[in-house]
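Okay, target.cif now, which holds mmCIF, C-alpha atoms:
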data_run
loop_
_atom_site.label_atom_id
_atom_site.label_comp_id
_atom_site.auth_asym_id
_atom_site.auth_seq_id
_atom_site.Cartn_x
_atom_site.Cartn_y
_atom_site.Cartn_z
CA MET A 1 0.00 0.00 0.00
CA LYS A 2 1.45 3.36 -1.00
CA GLU A 3 2.10 5.79 1.79
CA LYS A 4 -0.54 8.51 1.98
CA SER A 5 -2.30 10.83 4.33
CA ILE A 6 -6.02 10.29 4.80
CA SER A 7 -7.60 13.72 5.04
CA GLU A 8 -10.58 12.43 6.98
CA ASN A 9 -8.88 10.55 9.80
CA SER A 10 -11.87 8.42 10.71
CA SER A 11 -11.88 4.71 11.37
CA THR A 12 -14.52 4.31 8.64
CA THR A 13 -12.17 5.83 6.06
CA VAL A 14 -9.40 3.53 7.22
CA GLU A 15 -11.77 0.58 7.09
CA ASN A 16 -12.75 1.28 3.48
CA THR A 17 -9.11 1.80 2.48
CA LEU A 18 -8.15 -1.59 3.89
CA ILE A 19 -11.11 -3.33 2.25
CA LYS A 20 -10.13 -1.90 -1.13
CA ALA A 21 -6.58 -3.12 -0.58
CA VAL A 22 -7.89 -6.64 0.08
CA LEU A 23 -10.27 -6.56 -2.90
CA SER A 24 -7.50 -5.34 -5.21
CA GLY A 25 -5.28 -8.25 -4.17
CA GLU A 26 -2.73 -6.06 -2.40
CA TYR A 27 -3.40 -8.15 0.71
CA PRO A 28 -4.58 -11.55 -0.61
CA PRO A 29 -6.28 -14.18 1.60
CA GLY A 30 -3.73 -15.97 3.76
CA SER A 31 -1.28 -13.06 3.82
CA THR A 32 -0.58 -10.92 6.88
CA LEU A 33 -0.97 -7.20 7.39
CA PRO A 34 2.00 -5.01 8.27
CA SER A 35 2.35 -4.13 11.94
CA GLU A 36 0.03 -1.52 13.41
CA ARG A 37 2.97 0.85 13.61
CA GLU A 38 3.72 0.47 9.90
CA LEU A 39 0.06 0.65 8.85
CA SER A 40 -0.70 3.73 10.91
CA ALA A 41 2.33 5.49 9.42
CA THR A 42 1.41 4.43 5.89
CA LEU A 43 -2.20 5.56 6.26
CA GLY A 44 -1.35 8.70 8.19
CA VAL A 45 -3.67 7.92 11.11
CA ALA A 46 -3.32 7.43 14.84
CA ARG A 47 -3.01 3.86 16.06
CA PRO A 48 -6.26 4.00 18.10
CA THR A 49 -8.10 4.94 14.89
CA LEU A 50 -6.47 2.06 13.05
CA ARG A 51 -7.30 -0.38 15.87
CA GLU A 52 -10.96 0.66 15.79
CA ALA A 53 -11.13 -0.06 12.05
CA LEU A 54 -9.33 -3.39 12.44
CA GLN A 55 -11.68 -4.48 15.20
CA ARG A 56 -14.72 -3.91 13.00
CA LEU A 57 -13.08 -5.64 10.05
CA ALA A 58 -12.19 -8.62 12.24
CA ARG A 59 -15.80 -8.75 13.44
CA ASP A 60 -16.93 -8.93 9.81
CA LYS A 61 -14.34 -11.67 9.12
CA TRP A 62 -12.05 -9.71 6.81
CA PHE A 63 -9.17 -10.35 9.19
CA THR A 64 -8.24 -12.60 12.07
CA LYS A 65 -6.53 -10.80 14.92
CA ARG A 66 -4.50 -12.75 17.46
CA LYS A 67 -2.79 -11.12 20.40
CA GLY A 68 0.95 -11.11 19.90
CA HIS A 69 0.71 -12.27 16.27
CA ALA A 70 0.35 -10.62 12.88
CA THR A 71 -3.18 -9.97 11.61
CA ILE A 72 -4.17 -12.57 8.99
CA VAL A 73 -6.21 -11.71 5.88
CA ASN A 74 -9.17 -14.08 5.66
CA ASP A 75 -10.88 -15.60 2.63
CA PHE A 76 -13.87 -13.25 2.89
CA TRP A 77 -15.92 -15.26 0.38
CA LYS A 78 -15.91 -18.22 2.75
CA LEU A 79 -16.04 -16.46 6.13
CA GLY A 80 -17.95 -13.26 5.37
CA ASN A 81 -21.53 -12.21 6.11
CA LEU A 82 -24.10 -9.66 4.94
CA ASN A 83 -21.87 -6.83 6.14
CA THR A 84 -19.09 -8.26 3.99
CA LEU A 85 -21.33 -8.26 0.94
CA GLU A 86 -22.33 -4.65 1.55
CA ASN A 87 -18.69 -3.67 2.00
CA ILE A 88 -17.71 -5.40 -1.24
CA ILE A 89 -20.42 -3.53 -3.11
CA THR A 90 -19.56 -0.18 -1.51
CA ASN A 91 -15.85 -0.50 -2.20
CA THR A 92 -15.98 -1.86 -5.75
CA ASP A 93 -15.95 0.91 -8.34
CA GLN A 94 -17.14 -1.27 -11.21
CA PRO A 95 -18.36 -4.77 -10.28
CA ASN A 96 -17.55 -7.32 -12.95
CA GLY A 97 -20.31 -8.96 -14.94
CA GLN A 98 -19.99 -12.34 -13.25
CA PHE A 99 -20.39 -10.80 -9.79
CA ILE A 100 -23.64 -9.18 -10.91
CA VAL A 101 -24.84 -12.48 -12.38
CA HIS A 102 -24.18 -14.11 -9.00
CA LEU A 103 -26.30 -11.44 -7.31
CA LEU A 104 -29.09 -11.94 -9.84
CA GLU A 105 -28.99 -15.68 -9.19
CA VAL A 106 -29.43 -15.01 -5.46
CA ARG A 107 -32.40 -12.77 -6.25
CA ALA A 108 -33.83 -15.47 -8.51
CA ALA A 109 -33.72 -17.89 -5.58
CA LEU A 110 -35.24 -15.47 -3.07
CA ALA A 111 -37.78 -13.39 -5.01
CA PRO A 112 -40.27 -16.17 -5.90
CA GLU A 113 -40.50 -17.09 -2.21
CA PHE A 114 -41.11 -13.61 -0.86
CA VAL A 115 -43.51 -12.76 -3.70
CA HIS A 116 -45.53 -15.88 -2.85
CA LYS A 117 -45.66 -14.94 0.82
CA ALA A 118 -46.49 -11.30 0.06
CA VAL A 119 -49.40 -12.17 -2.23
CA LEU A 120 -50.61 -14.84 0.17
CA SER A 121 -50.65 -12.59 3.24
CA ASN A 122 -51.10 -9.07 1.82
CA PRO A 123 -52.62 -9.20 -1.69
CA ALA A 124 -54.27 -5.77 -1.39
CA LYS A 125 -50.96 -4.12 -0.49
CA VAL A 126 -49.21 -5.87 -3.37
CA VAL A 127 -51.92 -4.54 -5.71
CA ALA A 128 -51.41 -1.04 -4.29
CA VAL A 129 -47.67 -1.12 -5.00
CA LEU A 130 -48.22 -2.35 -8.58
CA ALA A 131 -51.23 -0.17 -9.36
CA ASN A 132 -49.28 2.63 -11.06
CA SER A 133 -46.84 0.44 -12.96
CA SER A 134 -48.70 0.97 -16.26
CA GLU A 135 -48.08 4.71 -15.94
CA LEU A 136 -44.30 4.38 -15.65
CA GLU A 137 -42.42 6.67 -18.01
CA ASP A 138 -40.29 4.89 -20.56
CA ASP A 139 -37.12 5.94 -18.77
CA CYS A 140 -34.34 3.84 -17.23
CA GLU A 141 -34.15 5.96 -14.06
CA GLN A 142 -37.88 5.68 -13.43
CA PHE A 143 -37.84 1.92 -14.00
CA THR A 144 -34.85 1.48 -11.70
CA LEU A 145 -36.50 3.41 -8.87
CA PHE A 146 -39.85 1.67 -9.27
CA ASP A 147 -38.40 -1.82 -9.60
CA TRP A 148 -36.29 -1.46 -6.47
CA LYS A 149 -39.19 -0.02 -4.50
CA LEU A 150 -41.37 -2.93 -5.66
CA GLN A 151 -38.83 -5.62 -4.73
CA THR A 152 -38.08 -4.24 -1.29
CA LYS A 153 -41.78 -3.69 -0.57
CA LEU A 154 -42.63 -7.25 -1.58
CA ALA A 155 -39.80 -8.52 0.64
CA GLU A 156 -41.24 -6.48 3.50
CA LEU A 157 -44.80 -7.72 2.89
CA ALA A 158 -43.57 -11.32 3.07
CA GLN A 159 -43.36 -10.74 6.85
CA ASN A 160 -39.94 -12.30 7.18
CA PRO A 161 -37.51 -9.52 8.10
CA ILE A 162 -34.49 -11.50 6.88
CA TYR A 163 -35.65 -11.12 3.27
CA LEU A 164 -35.58 -7.35 3.57
CA LEU A 165 -32.18 -7.34 5.29
CA ILE A 166 -30.73 -9.33 2.40
CA MET A 167 -32.36 -7.12 -0.22
CA ASN A 168 -31.16 -3.96 1.52
CA SER A 169 -27.59 -5.22 1.16
CA PHE A 170 -28.02 -4.93 -2.62
CA THR A 171 -29.29 -1.33 -2.64
CA GLU A 172 -26.13 0.40 -3.81
CA ILE A 173 -25.20 -2.01 -6.57
CA TYR A 174 -28.81 -2.27 -7.74
CA ASN A 175 -28.91 1.45 -8.48
CA LEU A 176 -25.95 0.98 -10.80
CA MET A 177 -27.08 -2.31 -12.28
CA GLY A 178 -30.71 -1.18 -12.73
CA ARG A 179 -29.74 1.85 -14.78
CA LEU A 180 -27.63 -0.33 -17.06
CA TYR A 181 -30.31 -3.01 -17.35
CA PHE A 182 -33.20 -0.64 -18.01
CA SER A 183 -31.23 1.41 -20.51
CA HIS A 184 -32.31 -1.24 -23.04
CA GLN A 185 -35.81 -0.86 -24.47
CA GLU A 186 -36.45 -4.60 -24.61
CA ASN A 187 -35.74 -4.97 -20.89
CA ARG A 188 -38.18 -2.20 -20.01
CA GLU A 189 -40.90 -3.75 -22.17
CA VAL A 190 -40.42 -7.23 -20.68
CA THR A 191 -40.48 -5.83 -17.16
CA ARG A 192 -43.62 -3.76 -17.76
CA GLU A 193 -45.37 -6.89 -19.00
CA PHE A 194 -44.24 -8.71 -15.86
CA TYR A 195 -45.73 -5.98 -13.65
CA LEU A 196 -49.10 -6.23 -15.40
CA LYS A 197 -49.20 -10.03 -15.06
CA LEU A 198 -48.14 -9.89 -11.41
CA LEU A 199 -50.80 -7.26 -10.74
CA ALA A 200 -53.50 -9.52 -12.18
CA MET A 201 -52.33 -12.44 -10.05
CA ALA A 202 -52.23 -10.29 -6.91
CA MET A 203 -55.76 -9.05 -7.63
CA ALA A 204 -56.86 -12.68 -7.91
CA GLY A 205 -54.92 -13.56 -4.74
CA ASP A 206 -53.16 -16.36 -6.61
CA ALA A 207 -49.89 -16.70 -4.70
CA ASP A 208 -48.81 -19.90 -6.49
CA LYS A 209 -49.05 -18.38 -9.96
CA ALA A 210 -47.35 -15.20 -8.73
CA GLU A 211 -44.46 -17.31 -7.44
CA GLN A 212 -44.13 -19.22 -10.74
CA LEU A 213 -44.30 -16.04 -12.78
CA THR A 214 -41.62 -14.41 -10.66
CA LYS A 215 -39.36 -17.45 -10.95
CA GLU A 216 -39.65 -17.34 -14.74
CA GLU A 217 -39.11 -13.58 -14.80
CA MET A 218 -35.99 -13.73 -12.63
CA ILE A 219 -34.42 -16.38 -14.87
CA LYS A 220 -35.33 -14.32 -17.92
CA SER A 221 -33.77 -11.21 -16.39
CA ILE A 222 -30.43 -13.02 -15.99
CA ASP A 223 -30.48 -13.97 -19.69
CA LEU A 224 -31.44 -10.42 -20.67
CA TRP A 225 -28.66 -9.00 -18.50
CA LYS A 226 -26.08 -11.26 -20.16
CA LYS A 227 -27.44 -10.31 -23.57
CA SER A 228 -27.39 -6.58 -22.83
CA GLN A 229 -23.77 -6.76 -21.66
CA SER A 230 -22.67 -8.46 -24.86
CA ILE A 231 -24.19 -5.81 -27.13
#
Go ahead and express the file in the form of structure tokens.
Amino acid sequence: MKEKSISENSSTTVENTLIKAVLSGEYPPGSTLPSERELSATLGVARPTLREALQRLARDKWFTKRKGHATIVNDFWKLGNLNTLENIITNTDQPNGQFIVHLLEVRAALAPEFVHKAVLSNPAKVVAVLANSSELEDDCEQFTLFDWKLQTKLAELAQNPIYLLIMNSFTEIYNLMGRLYFSHQENREVTREFYLKLLAMAMAGDADKAEQLTKEEMIKSIDLWKKSQSI
């Protein structure tokens, strides 16, 4: 890591700097960090500030700290948690296509379940969220905002708070990914059709069909994403 002075000497700034160093491969899994003395000098921060950042990063499994030993860089893919995912997203300037596909695959596994539960337990509220979908402007920003609001609201209506916690971890990357995805006319048209079909199923209170439709739509969205990135 090149020596520098962090203008905002906060532990959060130090934390993000170290995460970026791990993600970039500067400190690969299995390696050890320099001593606190060296790191604090390199980063231009006080050692208590550095320790605070390291404690949080150890809590989130980025590092393993052992008294009297060097701090070890963990394999965060194997040991991480939802905080790790959020940190990866926050500290990655341009996520690669495969990472986004992995996130879409997670959504494809989760969304049918929480849509089913939402329609089953709160069909009227699902209808209310979808009611204005036909009036959406043909604009990628509008689609991105609406689609994210819809997904998080459906996760909330499923009455399992874990769904919403997981979805909230994707907020930052979804804003980027959504704008790219909905910049293609075909993707907006397919999604608008999905909204109308889901609205009809919610009005009928048919949770099973809503689940199946969502499953098909999520798989289709992965294919459309891959297609749009190859254009």
Evaluating the PyMOL selection byres ((chain A and resi 155-161) around 8) on the displayed file yields which residues, as a ChimeraX atom specification? /A:111,114-119,121-122,125-126,151-154,162-165,167
Determine, counting all atoms listed in the file, which protein, DNA and RNA residues have an atom within 8 Å of an atom of region 61-77 of chain A; residues of the same chain fewer than 2 positions away are not included. Present the result as a VMD selection string. chain A and resid 19 22 27 to 35 54 57 to 59 79 to 81 84
Skipping near chain neighbours, those fewer than 6 positions away, what residues fall within 10 Å of Ile219 (chain A) using only C-alpha atoms, listed as JSON, numbers by chain? {"A": [104, 105, 107, 108, 109]}
Between CA of His184 (chain A) and CA of Gly97 (chain A), what distance in Å does the model show, to one decimal? 16.4 Å
Choose the residue, out of A:Ser40, A:Ser183, A:Asn16, A:Gln229, that has the smallest atom-to-atom separation from Asn91 (chain A); count all atoms listed in the file. A:Asn16
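The gap separating CA of Asn175 (chain A) from CA of Ser230 (chain A) is 20.1 Å, in Å to one decimal.
With all atoms listed in the file as the atoms that count, the residue of A:Lys78, A:Leu18, A:Ser11, A:Leu180 with the shortest distance to Pro48 (chain A) is A:Ser11.
Among the candidates A:Glu15, A:Ile88, A:Ser221, A:Met201, the one nearest to Val127 (chain A) when counting all atoms listed in the file is A:Met201.
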Can you work out the spacing between CA of Glu211 (chain A) and CA of Tyr195 (chain A) in Å, to one decimal? 13.0 Å
Going by the chain IDs and residue numbers used in this file, which residues fall under the PyMOL selection byres ((chain A and resi 140) around 6)? Write them as JSON, numbers by chain. {"A": [139, 141, 142, 143, 179, 182, 183]}
May I have the residues within 12 Å of Phe194 (chain A) as an MDAnalysis selection string, using only C-alpha atoms and disregarding those fewer than 6 positions away in the same chain? chainID A and resid 130 133:134 147 187:188 200:201 210 212:218 220:221
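Closest to Asp138 (chain A) among A:Thr191, A:Thr13, A:Thr92, A:Gln98 is A:Thr191, based on all atoms listed in the file.
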